[in-house]
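**Q** Structure: entry.txt, compact mmCIF, C-alpha atoms.
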```txt
# COMPACT_ATOMS: atom_id res chain seq x y z
CA MET A 15 0.00 0.00 0.00
CA ILE A 16 2.78 2.41 0.91
CA ALA A 17 4.62 1.46 -2.27
CA ALA A 18 1.48 2.17 -4.31
CA ALA A 19 0.98 5.53 -2.60
CA LEU A 20 4.60 6.48 -3.19
CA SER A 21 4.49 5.59 -6.86
CA ILE A 22 1.28 7.59 -7.33
CA ALA A 23 2.95 10.56 -5.64
CA ARG A 24 6.01 10.11 -7.86
CA VAL A 25 3.93 10.05 -11.04
CA LYS A 26 2.23 13.26 -10.00
CA PHE A 27 5.57 14.89 -9.28
CA VAL A 28 7.13 13.86 -12.58
CA LEU A 29 4.06 15.09 -14.45
CA GLU A 30 4.25 18.38 -12.62
CA ILE A 31 7.94 18.80 -13.40
CA ARG A 32 7.26 18.19 -17.09
CA ARG A 33 4.15 20.32 -17.41
CA ARG A 34 4.72 22.95 -14.74
CA GLU A 35 1.02 23.55 -14.36
CA VAL A 36 0.65 24.01 -10.64
CA ILE A 37 3.83 25.03 -8.87
CA PHE A 38 4.50 28.16 -10.95
CA ALA A 39 0.96 29.34 -10.47
CA MET A 40 1.25 28.69 -6.75
CA LEU A 41 4.50 30.66 -6.55
CA LEU A 42 3.06 33.71 -8.27
CA PHE A 43 -0.10 33.41 -6.21
CA ILE A 44 1.69 33.22 -2.84
CA ALA A 45 3.80 36.27 -3.73
CA ALA A 46 0.73 38.25 -4.77
CA THR A 47 -1.16 37.19 -1.64
CA ILE A 48 1.65 38.28 0.67
CA VAL A 49 1.80 41.64 -1.07
CA ILE A 50 -1.98 42.11 -0.98
CA VAL A 51 -2.32 41.14 2.68
CA HIS A 52 0.59 43.41 3.52
CA PHE A 53 -1.00 46.42 1.83
CA ALA A 54 -4.44 45.51 3.15
CA LEU A 55 -3.15 45.49 6.72
CA SER A 56 -1.11 48.64 6.71
CA GLY A 57 1.12 49.20 3.74
CA ASP A 58 4.13 50.15 5.82
CA ALA A 59 6.75 48.04 7.47
CA GLY A 60 5.53 48.96 10.92
CA ALA A 61 2.69 46.49 10.94
CA GLY A 62 4.70 44.36 13.30
CA ASN A 63 5.43 40.72 13.90
CA ARG A 64 1.82 39.73 14.38
CA ALA A 65 0.89 41.04 10.96
CA ALA A 66 3.88 39.36 9.33
CA ALA A 67 2.97 36.02 10.92
CA GLY A 68 -0.64 36.38 9.81
CA MET A 69 0.42 37.30 6.27
CA LEU A 70 2.47 34.15 5.91
CA TRP A 71 -0.33 31.89 7.09
CA ALA A 72 -3.09 33.51 5.09
CA ALA A 73 -0.92 33.24 1.99
CA VAL A 74 -0.01 29.61 2.71
CA VAL A 75 -3.62 28.54 3.09
CA PHE A 76 -4.96 30.33 0.02
CA THR A 77 -2.07 29.11 -2.11
CA ALA A 78 -2.70 25.55 -0.97
CA VAL A 79 -6.34 25.84 -2.05
CA LEU A 80 -5.22 27.06 -5.47
CA GLY A 81 -2.95 24.05 -5.84
CA LEU A 82 -5.66 21.66 -4.73
CA GLN A 83 -7.88 22.66 -7.64
CA ARG A 84 -5.72 20.51 -9.90
CA THR A 85 -5.58 17.41 -7.68
CA PHE A 86 -7.15 14.54 -9.61
CA ALA A 87 -7.72 16.91 -12.54
CA ALA A 88 -5.23 15.16 -14.82
CA GLU A 89 -6.57 11.77 -13.84
CA GLN A 90 -10.11 12.85 -14.49
CA GLU A 91 -9.49 14.52 -17.83
CA GLU A 92 -7.60 11.60 -19.26
CA GLY A 93 -9.61 8.80 -17.72
CA ALA A 94 -6.73 7.57 -15.59
CA LEU A 95 -8.82 7.72 -12.46
CA ASP A 96 -10.97 4.82 -13.62
CA ALA A 97 -7.85 2.80 -14.27
CA LEU A 98 -6.50 3.65 -10.82
CA LEU A 99 -9.77 2.65 -9.21
CA LEU A 100 -9.72 -0.67 -11.08
CA ALA A 101 -6.10 -1.34 -10.10
CA PRO A 102 -5.64 -3.90 -7.34
CA ILE A 103 -4.54 -1.33 -4.77
CA ASP A 104 -6.12 0.06 -1.65
CA ARG A 105 -8.28 3.14 -2.28
CA ALA A 106 -6.47 4.80 0.61
CA ALA A 107 -3.27 4.53 -1.45
CA ILE A 108 -4.72 6.76 -4.17
CA TRP A 109 -5.69 9.39 -1.66
CA ILE A 110 -2.42 9.21 0.27
CA GLY A 111 -0.42 9.37 -2.95
CA ALA A 112 -2.28 12.47 -4.07
CA ALA A 113 -1.88 14.02 -0.62
CA LEU A 114 1.87 13.34 -0.62
CA ALA A 115 2.23 14.99 -4.01
CA GLN A 116 0.30 17.99 -2.75
CA PHE A 117 2.49 18.10 0.34
CA GLY A 118 5.54 18.12 -1.93
CA PHE A 119 4.19 21.01 -4.00
CA LEU A 120 3.57 23.03 -0.86
CA ILE A 121 7.10 22.39 0.41
CA VAL A 122 8.63 23.42 -2.93
CA VAL A 123 6.57 26.62 -2.98
CA GLN A 124 7.55 27.48 0.57
CA LEU A 125 11.22 26.85 -0.10
CA VAL A 126 11.00 29.94 -2.28
CA ALA A 127 8.32 31.90 -0.45
CA VAL A 128 9.62 31.72 3.12
CA PRO A 129 13.05 33.25 2.37
CA ILE A 130 11.30 36.07 0.48
CA TRP A 131 8.91 36.60 3.37
CA TRP A 132 11.89 36.69 5.69
CA LEU A 133 13.76 39.22 3.57
CA LEU A 134 10.73 41.45 3.26
CA PHE A 135 9.88 41.62 6.94
CA PHE A 136 12.78 40.58 9.14
CA GLN A 137 15.96 42.25 8.05
CA ASN A 138 16.77 42.98 11.67
CA GLY A 139 16.13 39.64 13.31
CA GLY A 140 13.06 37.49 12.98
CA PRO A 141 11.40 34.58 14.70
CA SER A 142 13.24 31.40 15.61
CA LEU A 143 13.44 29.61 12.29
CA PRO A 144 13.17 25.95 13.42
CA THR A 145 9.81 26.58 15.12
CA VAL A 146 8.37 28.27 12.04
CA LEU A 147 9.65 25.53 9.75
CA ILE A 148 8.33 22.70 11.90
CA ALA A 149 4.97 24.44 12.11
CA LEU A 150 4.89 24.88 8.34
CA VAL A 151 5.78 21.24 7.62
CA LEU A 152 3.15 19.94 10.06
CA ALA A 153 0.57 22.36 8.70
CA ASP A 154 1.39 21.49 5.08
CA LEU A 155 0.82 17.85 5.89
CA GLY A 156 -2.55 18.62 7.47
CA ILE A 157 -3.62 20.92 4.64
CA ALA A 158 -2.58 18.36 2.03
CA LEU A 159 -4.44 15.54 3.80
CA VAL A 160 -7.63 17.48 4.39
CA GLY A 161 -7.52 19.23 1.05
CA THR A 162 -7.05 16.06 -0.95
CA LEU A 163 -9.91 14.53 0.98
CA ALA A 164 -12.15 17.47 0.08
CA ALA A 165 -10.98 17.32 -3.54
CA ALA A 166 -11.93 13.65 -3.64
CA LEU A 167 -15.36 14.47 -2.25
CA ALA A 168 -15.89 17.27 -4.76
CA LEU A 169 -14.95 15.00 -7.66
CA GLY A 170 -17.79 14.96 -10.13
CA ALA A 171 -19.50 17.98 -8.60
CA ARG A 172 -20.90 20.43 -11.11
CA THR A 173 -19.32 23.41 -9.40
CA ARG A 174 -16.05 21.74 -8.41
CA ASP A 175 -13.86 24.84 -8.78
CA VAL A 176 -16.00 27.05 -6.59
CA LEU A 177 -16.86 24.26 -4.23
CA LEU A 178 -13.36 23.25 -3.18
CA PRO A 179 -12.34 26.44 -1.33
CA VAL A 180 -15.67 26.45 0.48
CA LEU A 181 -15.08 22.89 1.68
CA VAL A 182 -11.41 23.30 2.57
CA LEU A 183 -11.23 26.70 4.26
CA PRO A 184 -13.41 25.95 7.32
CA LEU A 185 -11.45 22.73 7.84
CA VAL A 186 -8.11 24.54 7.94
CA ILE A 187 -9.12 27.36 10.30
CA PRO A 188 -7.71 25.38 13.27
CA ILE A 189 -4.42 24.99 11.38
CA VAL A 190 -4.21 28.74 10.81
CA LEU A 191 -4.96 29.44 14.47
CA ALA A 192 -2.24 27.08 15.66
CA GLY A 193 0.19 28.14 12.94
CA VAL A 194 -0.10 31.82 13.72
CA THR A 195 0.23 31.12 17.44
CA ALA A 196 3.36 29.04 16.83
CA THR A 197 4.90 31.68 14.56
CA TYR A 198 4.17 34.48 16.95
CA GLY A 199 5.54 32.34 19.76
CA ALA A 200 8.75 31.92 17.75
CA PHE A 201 9.46 35.64 18.26
CA GLY A 202 10.12 34.78 21.87
CA GLU A 203 6.75 36.00 23.09
CA GLU A 204 5.22 33.86 25.81
CA VAL A 205 2.40 32.27 23.84
CA GLY A 206 1.61 28.61 24.06
CA GLY A 207 5.17 27.26 23.95
CA LEU A 208 5.25 23.93 22.18
CA ARG A 209 1.51 23.41 22.37
CA PRO A 210 0.67 24.78 18.90
CA LEU A 211 3.17 22.38 17.32
CA GLY A 212 1.70 19.51 19.30
CA PHE A 213 -1.72 20.57 18.16
CA LEU A 214 -0.70 20.57 14.50
CA ALA A 215 0.65 17.04 14.87
CA LEU A 216 -2.58 15.98 16.57
CA TYR A 217 -4.62 17.54 13.76
CA ASP A 218 -2.68 15.53 11.18
CA LEU A 219 -3.22 12.32 13.15
CA VAL A 220 -6.95 12.87 13.62
CA PHE A 221 -7.58 13.52 9.96
CA VAL A 222 -5.37 10.64 8.81
CA ALA A 223 -7.44 8.37 11.01
CA LEU A 224 -10.79 9.81 9.90
CA ALA A 225 -9.87 9.74 6.23
CA TRP A 226 -8.42 6.26 6.45
CA GLY A 227 -11.65 5.03 7.98
CA THR A 228 -13.72 6.53 5.19
CA SER A 229 -11.26 6.11 2.30
CA GLU A 230 -13.02 3.17 0.70
CA HIS A 231 -15.99 5.49 0.15
CA LEU A 232 -13.92 8.40 -1.00
CA LEU A 233 -13.35 8.24 -4.70
CA GLY A 234 -16.68 7.01 -5.92
CA ASP A 235 -17.45 3.90 -7.91
CA MET B 26 -52.89 13.28 7.43
CA ILE B 27 -52.49 10.69 10.12
CA ALA B 28 -50.69 11.99 13.17
CA ARG B 29 -47.75 9.74 13.99
CA PRO B 30 -46.22 9.59 17.45
CA ALA B 31 -42.84 10.70 16.04
CA THR B 32 -44.47 13.97 15.04
CA MET B 33 -47.20 14.35 17.65
CA ILE B 34 -45.09 13.85 20.78
CA PRO B 35 -42.49 16.51 19.94
CA LEU B 36 -45.26 18.81 18.71
CA ILE B 37 -47.10 18.62 22.02
CA LEU B 38 -43.92 18.79 24.11
CA SER B 39 -42.46 21.78 22.29
CA SER B 40 -45.71 23.73 22.31
CA ILE B 41 -45.90 23.28 26.09
CA LEU B 42 -42.22 23.59 27.04
CA ILE B 43 -41.20 26.63 25.01
CA PRO B 44 -43.98 28.92 26.31
CA LEU B 45 -43.29 27.46 29.75
CA THR B 46 -39.64 28.50 29.46
CA LEU B 47 -40.73 32.02 28.59
CA ALA B 48 -43.06 32.13 31.57
CA MET B 49 -40.47 30.71 33.94
CA ALA B 50 -37.77 33.04 32.66
CA PHE B 51 -39.83 36.17 33.16
CA TRP B 52 -42.03 35.43 36.17
CA TRP B 53 -40.22 32.83 38.20
CA THR B 54 -36.46 33.31 38.04
CA ALA B 55 -34.94 36.28 39.79
CA GLU B 56 -33.22 38.99 37.81
CA ASP B 57 -29.49 38.46 37.49
CA ILE B 58 -27.55 40.92 39.63
CA ASP B 59 -24.79 41.56 37.09
CA GLN B 60 -26.62 41.45 33.82
CA GLY B 61 -30.20 42.28 34.74
CA LEU B 62 -32.93 41.61 32.22
CA SER B 63 -30.56 40.76 29.38
CA GLN B 64 -29.53 37.57 31.15
CA LYS B 65 -32.96 36.10 30.30
CA ILE B 66 -31.78 35.35 26.78
CA PHE B 67 -29.52 32.74 28.36
CA TYR B 68 -32.56 30.42 28.69
CA PHE B 69 -32.90 30.45 24.91
CA HIS B 70 -29.46 31.09 23.49
CA VAL B 71 -27.64 28.32 25.33
CA PRO B 72 -30.33 25.63 24.81
CA ILE B 73 -30.47 26.55 21.11
CA ALA B 74 -26.69 26.22 20.82
CA LEU B 75 -26.66 22.85 22.57
CA THR B 76 -29.59 21.68 20.44
CA SER B 77 -27.70 22.67 17.35
CA TYR B 78 -24.76 20.50 18.45
CA VAL B 79 -27.19 17.64 19.11
CA ALA B 80 -28.65 18.04 15.61
CA PHE B 81 -25.19 18.06 13.99
CA GLY B 82 -24.36 15.01 16.10
CA PHE B 83 -27.51 13.28 14.89
CA GLY B 84 -26.50 14.12 11.33
CA ALA B 85 -23.01 12.68 11.84
CA VAL B 86 -24.22 9.50 13.54
CA SER B 87 -26.74 8.96 10.75
CA ALA B 88 -23.94 9.52 8.22
CA ALA B 89 -21.90 6.79 9.89
CA MET B 90 -24.97 4.54 9.81
CA TYR B 91 -25.36 5.27 6.12
CA LEU B 92 -21.77 4.31 5.34
CA TRP B 93 -22.29 1.12 7.30
CA ARG B 94 -25.76 0.08 6.17
CA ARG B 95 -26.03 1.80 2.78
CA THR B 96 -29.76 2.41 3.09
CA GLU B 97 -31.19 5.62 1.73
CA VAL B 98 -33.15 6.45 4.84
CA TRP B 99 -29.93 7.06 6.81
CA ASP B 100 -28.78 9.49 4.14
CA LEU B 101 -32.04 11.39 4.49
CA ARG B 102 -31.75 11.38 8.29
CA SER B 103 -28.19 12.66 8.06
CA TYR B 104 -29.20 15.46 5.69
CA VAL B 105 -32.17 16.47 7.83
CA GLY B 106 -30.00 16.42 10.96
CA VAL B 107 -27.42 18.74 9.43
CA HIS B 108 -30.21 20.91 8.04
CA SER B 109 -31.89 21.48 11.38
CA GLY B 110 -28.48 21.93 13.00
CA THR B 111 -27.89 24.78 10.56
CA ILE B 112 -31.31 26.29 11.32
CA PHE B 113 -30.59 26.28 15.05
CA GLY B 114 -27.06 27.45 14.27
CA THR B 115 -28.45 30.52 12.52
CA LEU B 116 -30.50 31.24 15.63
CA VAL B 117 -27.37 30.90 17.78
CA LEU B 118 -25.55 33.42 15.61
CA LEU B 119 -28.53 35.78 15.92
CA THR B 120 -29.15 35.45 19.66
CA GLY B 121 -25.44 35.40 20.58
CA PRO B 122 -24.68 38.93 19.35
CA ILE B 123 -27.84 40.27 21.01
CA TRP B 124 -26.66 38.91 24.33
CA ALA B 125 -23.08 40.01 23.71
CA LYS B 126 -24.22 43.56 22.90
CA ALA B 127 -26.37 43.74 26.02
CA SER B 128 -23.84 42.35 28.47
CA TRP B 129 -20.42 43.16 26.98
CA GLY B 130 -21.35 46.14 24.83
CA VAL B 131 -20.12 44.61 21.58
CA TRP B 132 -22.00 42.65 18.94
CA TRP B 133 -19.23 40.16 18.50
CA ASN B 134 -16.62 39.16 21.04
CA TRP B 135 -13.67 37.42 19.38
CA GLY B 136 -12.40 36.47 22.80
CA ASP B 137 -15.35 34.21 23.51
CA ARG B 138 -14.34 30.62 22.93
CA GLN B 139 -17.76 29.12 22.35
CA ILE B 140 -18.90 31.52 19.67
CA ASN B 141 -15.63 31.19 17.73
CA VAL B 142 -15.81 27.41 17.67
CA PHE B 143 -19.43 27.67 16.70
CA LEU B 144 -18.62 29.97 13.83
CA ILE B 145 -16.06 27.51 12.41
CA LEU B 146 -18.52 24.65 12.70
CA PHE B 147 -21.33 26.70 11.16
CA LEU B 148 -19.18 27.64 8.16
CA TYR B 149 -18.23 24.01 7.79
CA TYR B 150 -21.75 22.66 7.81
CA CYS B 151 -22.97 25.39 5.47
CA ALA B 152 -20.47 23.99 2.96
CA TYR B 153 -22.23 20.63 3.37
CA PHE B 154 -25.19 21.98 1.42
CA MET B 155 -23.00 23.29 -1.37
CA LEU B 156 -21.34 19.91 -1.69
CA ARG B 157 -24.59 18.01 -1.57
CA PHE B 158 -26.44 20.10 -4.10
CA SER B 159 -23.67 20.26 -6.65
CA LEU B 160 -23.52 16.50 -6.93
CA ASP B 161 -26.10 14.59 -8.94
CA GLU B 162 -28.56 12.59 -6.93
CA GLY B 163 -27.44 9.04 -6.35
CA GLU B 164 -24.95 6.82 -4.58
CA ARG B 165 -22.02 9.20 -5.08
CA ARG B 166 -23.83 12.15 -3.56
CA ARG B 167 -25.03 10.16 -0.58
CA THR B 168 -21.53 8.87 0.13
CA ALA B 169 -19.78 12.21 -0.27
CA SER B 170 -22.34 13.92 1.98
CA ALA B 171 -21.96 11.22 4.60
CA VAL B 172 -18.16 11.42 4.64
CA PHE B 173 -18.29 15.23 4.90
CA ALA B 174 -20.85 15.15 7.72
CA LEU B 175 -18.66 12.66 9.59
CA LEU B 176 -15.49 14.74 9.29
CA GLY B 177 -17.24 17.47 11.28
CA VAL B 178 -16.97 15.19 14.31
CA GLY B 179 -13.21 15.55 14.12
CA LEU B 180 -13.42 19.27 13.52
CA ILE B 181 -15.41 20.13 16.68
CA PRO B 182 -12.86 19.04 19.31
CA LEU B 183 -9.96 20.25 17.16
CA SER B 184 -11.52 23.70 16.84
CA PHE B 185 -12.05 23.86 20.60
CA LEU B 186 -8.40 22.99 21.17
CA ALA B 187 -7.12 25.39 18.52
CA VAL B 188 -9.18 28.28 19.87
CA ARG B 189 -7.96 27.51 23.39
CA ILE B 190 -4.33 27.45 22.26
CA ALA B 191 -4.72 30.66 20.30
CA GLU B 192 -6.59 32.35 23.15
CA THR B 193 -3.33 33.44 24.71
CA LEU B 194 -2.77 35.24 21.41
CA ILE B 195 -6.23 36.63 20.67
CA HIS B 196 -6.69 37.96 24.14
CA PRO B 197 -6.95 36.59 27.64
CA THR B 198 -10.34 35.38 28.75
CA VAL B 199 -11.85 38.20 30.71
CA PHE B 200 -15.42 37.03 30.67
CA SER B 201 -16.35 33.66 32.04
CA SER B 202 -19.70 32.32 30.98
CA SER B 203 -22.41 32.29 33.61
CA GLY B 204 -21.52 28.80 34.63
CA ALA B 205 -21.28 26.56 37.62
CA ALA B 206 -22.79 28.55 40.46
CA MET B 207 -26.32 29.02 39.20
CA PRO B 208 -29.28 29.13 41.53
CA ASN B 209 -31.62 26.14 41.18
CA SER B 210 -34.39 28.19 39.60
CA PHE B 211 -31.99 29.29 36.84
CA LEU B 212 -30.85 25.74 36.24
CA LEU B 213 -34.37 24.35 36.12
CA THR B 214 -35.56 27.00 33.68
CA PHE B 215 -32.53 26.32 31.55
CA LEU B 216 -33.26 22.59 31.54
CA VAL B 217 -36.91 23.17 30.62
CA GLY B 218 -35.73 25.45 27.81
CA PHE B 219 -33.27 22.81 26.61
CA ALA B 220 -35.96 20.11 26.63
CA GLY B 221 -38.26 22.45 24.71
CA MET B 222 -35.65 23.16 22.04
CA LEU B 223 -34.80 19.47 21.75
CA SER B 224 -38.44 18.62 21.13
CA LEU B 225 -38.67 21.43 18.60
CA MET B 226 -35.67 19.92 16.84
CA ALA B 227 -37.25 16.46 16.92
CA LEU B 228 -40.42 17.97 15.45
CA LEU B 229 -38.54 19.71 12.64
CA ILE B 230 -36.60 16.55 11.86
CA SER B 231 -39.64 14.32 11.77
CA VAL B 232 -41.72 16.73 9.68
CA GLU B 233 -38.93 17.25 7.16
CA LEU B 234 -38.21 13.52 6.97
CA ARG B 235 -41.88 12.84 6.25
CA GLY B 236 -41.87 15.47 3.55
CA LYS B 237 -38.75 14.00 1.94
CA ARG B 238 -40.16 10.49 2.08
CA THR B 239 -43.45 11.60 0.58
CA ALA B 240 -41.63 13.37 -2.22
CA ALA B 241 -39.62 10.24 -2.96
CA ARG B 242 -42.79 8.15 -2.94
CA VAL B 243 -44.58 10.55 -5.30
CA LEU B 244 -41.66 10.36 -7.71
CA GLU B 245 -41.82 6.58 -7.59
CA LEU B 246 -45.57 6.60 -8.29
CA GLN B 247 -45.15 9.03 -11.16
CA ARG B 248 -42.59 6.73 -12.72
CA ALA B 249 -44.86 3.73 -12.24
CA ALA B 250 -47.76 5.64 -13.80
CA ARG B 251 -45.63 6.40 -16.85
CA GLY B 252 -44.91 2.71 -17.12
CA GLU B 253 -41.24 2.93 -16.24
CA ASP B 254 -39.60 0.65 -13.73
CA ALA B 255 -40.17 1.90 -10.23
```
Output the structure of this file as structure tokens.

**A**
Amino acid sequence: MIAAALSIARVKFVLEIRRREVIFAMLLFIAATIVIVHFALSGDAGAGNRAAAGMLWAAVVFTAVLGLQRTFAAEQEEGALDALLLAPIDRAAIWIGAALAQFGFLIVVQLVAVPIWWLLFFQNGGPSLPTVLIALVLADLGIALVGTLAAALALGARTRDVLLPVLVLPLVIPIVLAGVTATYGAFGEEVGGLRPLGFLALYDLVFVALAWGTSEHLLGD
Amino acid sequence: MIARPATMIPLILSSILIPLTLAMAFWWTAEDIDQGLSQKIFYFHVPIALTSYVAFGFGAVSAAMYLWRRTEVWDLRSYVGVHSGTIFGTLVLLTGPIWAKASWGVWWNWGDRQINVFLILFLYYCAYFMLRFSLDEGERRRTASAVFALLGVGLIPLSFLAVRIAETLIHPTVFSSSGAAMPNSFLLTFLVGFAGMLSLMALLISVELRGKRTAARVLELQRAARGEDA
């Protein structure tokens, strides 16, 4: 099952590297979102650490939703999904494979976006980097899991493109809450300590369990 | 129309208990020292909120039953549960700000844990309807709705935790809800109100279920009359 999931994730990655459909769009989108949120909040550099932390997380979440729009799209357009469903593999493998690919896209995007965010806002000392990075990785995992799940549910819906953000955003509000708390805590303020990171890990576990339990129903028949 | 016990009992109970709550709230319980008259909304707001959770819970349990048993009636029950949960949820989001304005002076208090969690959950279950109605009727729609309704069960405790963790950030809890040390008359009125709202929910659920079933039956008969396979 793990082998199947990994090979599905690899196929998606190779396809993405050849076609460059998603990651470029996500990169431009995350940059635009950071700029928009920055100007929306104040427009000058004095907005403070709280605003910078919020900007990062708002941008991360919206960018993830943009990327999720294309999950399963290639499979659906070219009929590969039917073949995958017929293949003698666990349905959970399809979902986990897609989630892993999504997780990979998010990491790639953040490898570019986080340094830029850092340069823009923290020339004179920023938050403790390990905390922010751990929070981002845990959150990316949760967003990828939950988002792929929602994308699977929305498969075949008439209004798929509008529907997906509506399904995903309420689910990731807890991630944003914990992520912002962790990031703000990384500035050395006394907020929450390690609890937000623990929470993000717990979130991932809960939704892995829930999705695993329902995965045989996920992708339709 | 034959009155069935599933409809009649909640109808009778709710039409007694809800007016009774009103009467008890205004003539029997004492006025709250801190909040005065505005505290009376507590006997409605809190029972409505709890009832809404019960309705969402009913929707989620029915969704699990659907995934297990695969019978259409559980799908209908799950839908109706989420639907009435959303109706009560709308009432919560209307009565909450009224109370907040009267006792804290603001329409919305972002520092209040309950209302924030409720807002997340309400947004989530509103999306349920978008999902359901953009899928074509059939097996796929029933399954997707059921899975989505079930995921809400994970979201409730996680939202509570997340809001608690972020509370240190949002702002410290200044207001504590009128909790543990209630006089007996307050508690009793609250319980009567809760029972009234629960029976109102049961009434809504049973009436809507009957409507849905009748509609399905009419469709079946129409098909039979046209000579198609029922």

**Q** Could you list the residues in chain B lying within 10 Å of chain A, using only C-alpha atoms, and format the result as an NGL selection string?

**A** :B and (89 or 92 or 142 or 144-153 or 155-161 or 164-166 or 168-173 or 175-181 or 183-195)

**Q** What are the centre and edge lengths in Å, to one decimal, of the axis-aligned box around all listed atoms of segment 79-86 of chain B with 8 Å added on each side, as lines of an AutoDock Vina configuration file?

**A**
```
center_x = -25.8
center_y = 13.8
center_z = 15.2
size_x = 21.6
size_y = 24.6
size_z = 23.8
```

**Q** Nearest to Phe219 of chain B among B:Trp52, B:Gly84, B:Phe69, B:Leu38, with distances taken over all atoms listed in the file: which residue is it?

**A** B:Phe69

**Q** Can you tell me how far atom CA of Ile41 of chain B sits from atom CA of Gly218 of chain B, in Å to one decimal?

**A**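 Here the two named atoms are 10.5 Å from each other.
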
**Q** Rounded to one decimal place, report the atom CA of Leu120 of chain A-atom CA of Asp154 of chain A distance in Å.

**A**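 Those two atoms sit 6.5 Å apart.
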
**Q** Can you pull out every residue within 12 Å of segment 228-236 of chain B, counting only C-alpha atoms, but drop anything in the same chain fewer than 5 positions away, and send it as an NGL selection string?

**A** :B and (26-40 or 79-81 or 83-84 or 97-113 or 221-223 or 241-243)

**Q** Would you list the contacts of Phe76 of chain A as a list in words, taking every protein, DNA or RNA residue within 10 Å and counting only C-alpha atoms, but skipping same-chain residues closer than 2 positions in sequence?

**A**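 Residues meeting the cut-off are Met40, Phe43, Ile44, Thr47, Trp71, Ala72, Ala73, Val74, Ala78, Val79, Leu80, Gly81, Leu82, Pro179, Val182 and Leu183 of chain A.
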
**Q** Give the answer as one residue: which of A:Ala45, A:Met69, A:Ala94, A:Leu147 has the shortest atom-to-atom distance to Ile108 of chain A, using all atoms listed in the file?

**A**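 Among A:Ala45, A:Met69, A:Ala94, A:Leu147, it is A:Ala94 that comes nearest to Ile108 of chain A.
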
**Q** Looking at B:Ala249, B:Leu216, B:Ala127, B:Ala240, which one is nearest to Gly61 of chain B, with distances taken over only C-alpha atoms?

**A**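 Ranking B:Ala249, B:Leu216, B:Ala127, B:Ala240 by distance to Gly61 of chain B, first place goes to B:Ala127.
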
**Q** Report, in Å with one decimal, the straight-line distance from atom CA of Gly62 of chain A to atom CA of Pro129 of chain A.

**A** 17.7 Å

**Q** For Thr145 of chain A, which residue among A:Ile103, A:Leu208, A:Val128, A:Ala115 is the nearest when counting all atoms listed in the file?

**A**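 Ranking A:Ile103, A:Leu208, A:Val128, A:Ala115 by distance to Thr145 of chain A, first place goes to A:Leu208.
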
**Q** Please determine, counting only C-alpha atoms, which residue among A:Gln83, A:Thr162, A:Thr77, A:Thr197 has the shortest atom-to-atom distance to Leu114 of chain A.

**A** A:Thr162

**Q** With 10 Å as the threshold, what does the neighbourhood of (-28.5, 28.6, 26.0) contain in terms of residues, counting all atoms listed in the file? Coordinates are those of the file; answer as a list in words.

**A**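 The requested residues, written out, are Lys65, Ile66, Phe67, Tyr68, Phe69, His70, Val71, Pro72, Ile73, Ala74, Leu75, Thr76, Val117, Thr120, Gly121, Phe215, Leu216, Gly218, Phe219 and Met222 of chain B.
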
**Q** List the neighbours of Trp53 of chain B out to 9 Å using all atoms listed in the file; skip same-chain residues closer than 3 positions along the sequence, and give me the result as a PDB file with C-alpha atoms, in the coordinates of the input.

**A**
```
ATOM      1  CA  ALA B  48     -43.060  32.130  31.570  1.00  0.00           C
ATOM      2  CA  MET B  49     -40.470  30.710  33.940  1.00  0.00           C
ATOM      3  CA  ALA B  50     -37.770  33.040  32.660  1.00  0.00           C
ATOM      4  CA  SER B 210     -34.390  28.190  39.600  1.00  0.00           C
ATOM      5  CA  THR B 214     -35.560  27.000  33.680  1.00  0.00           C
TER       6      THR B 214
END
```
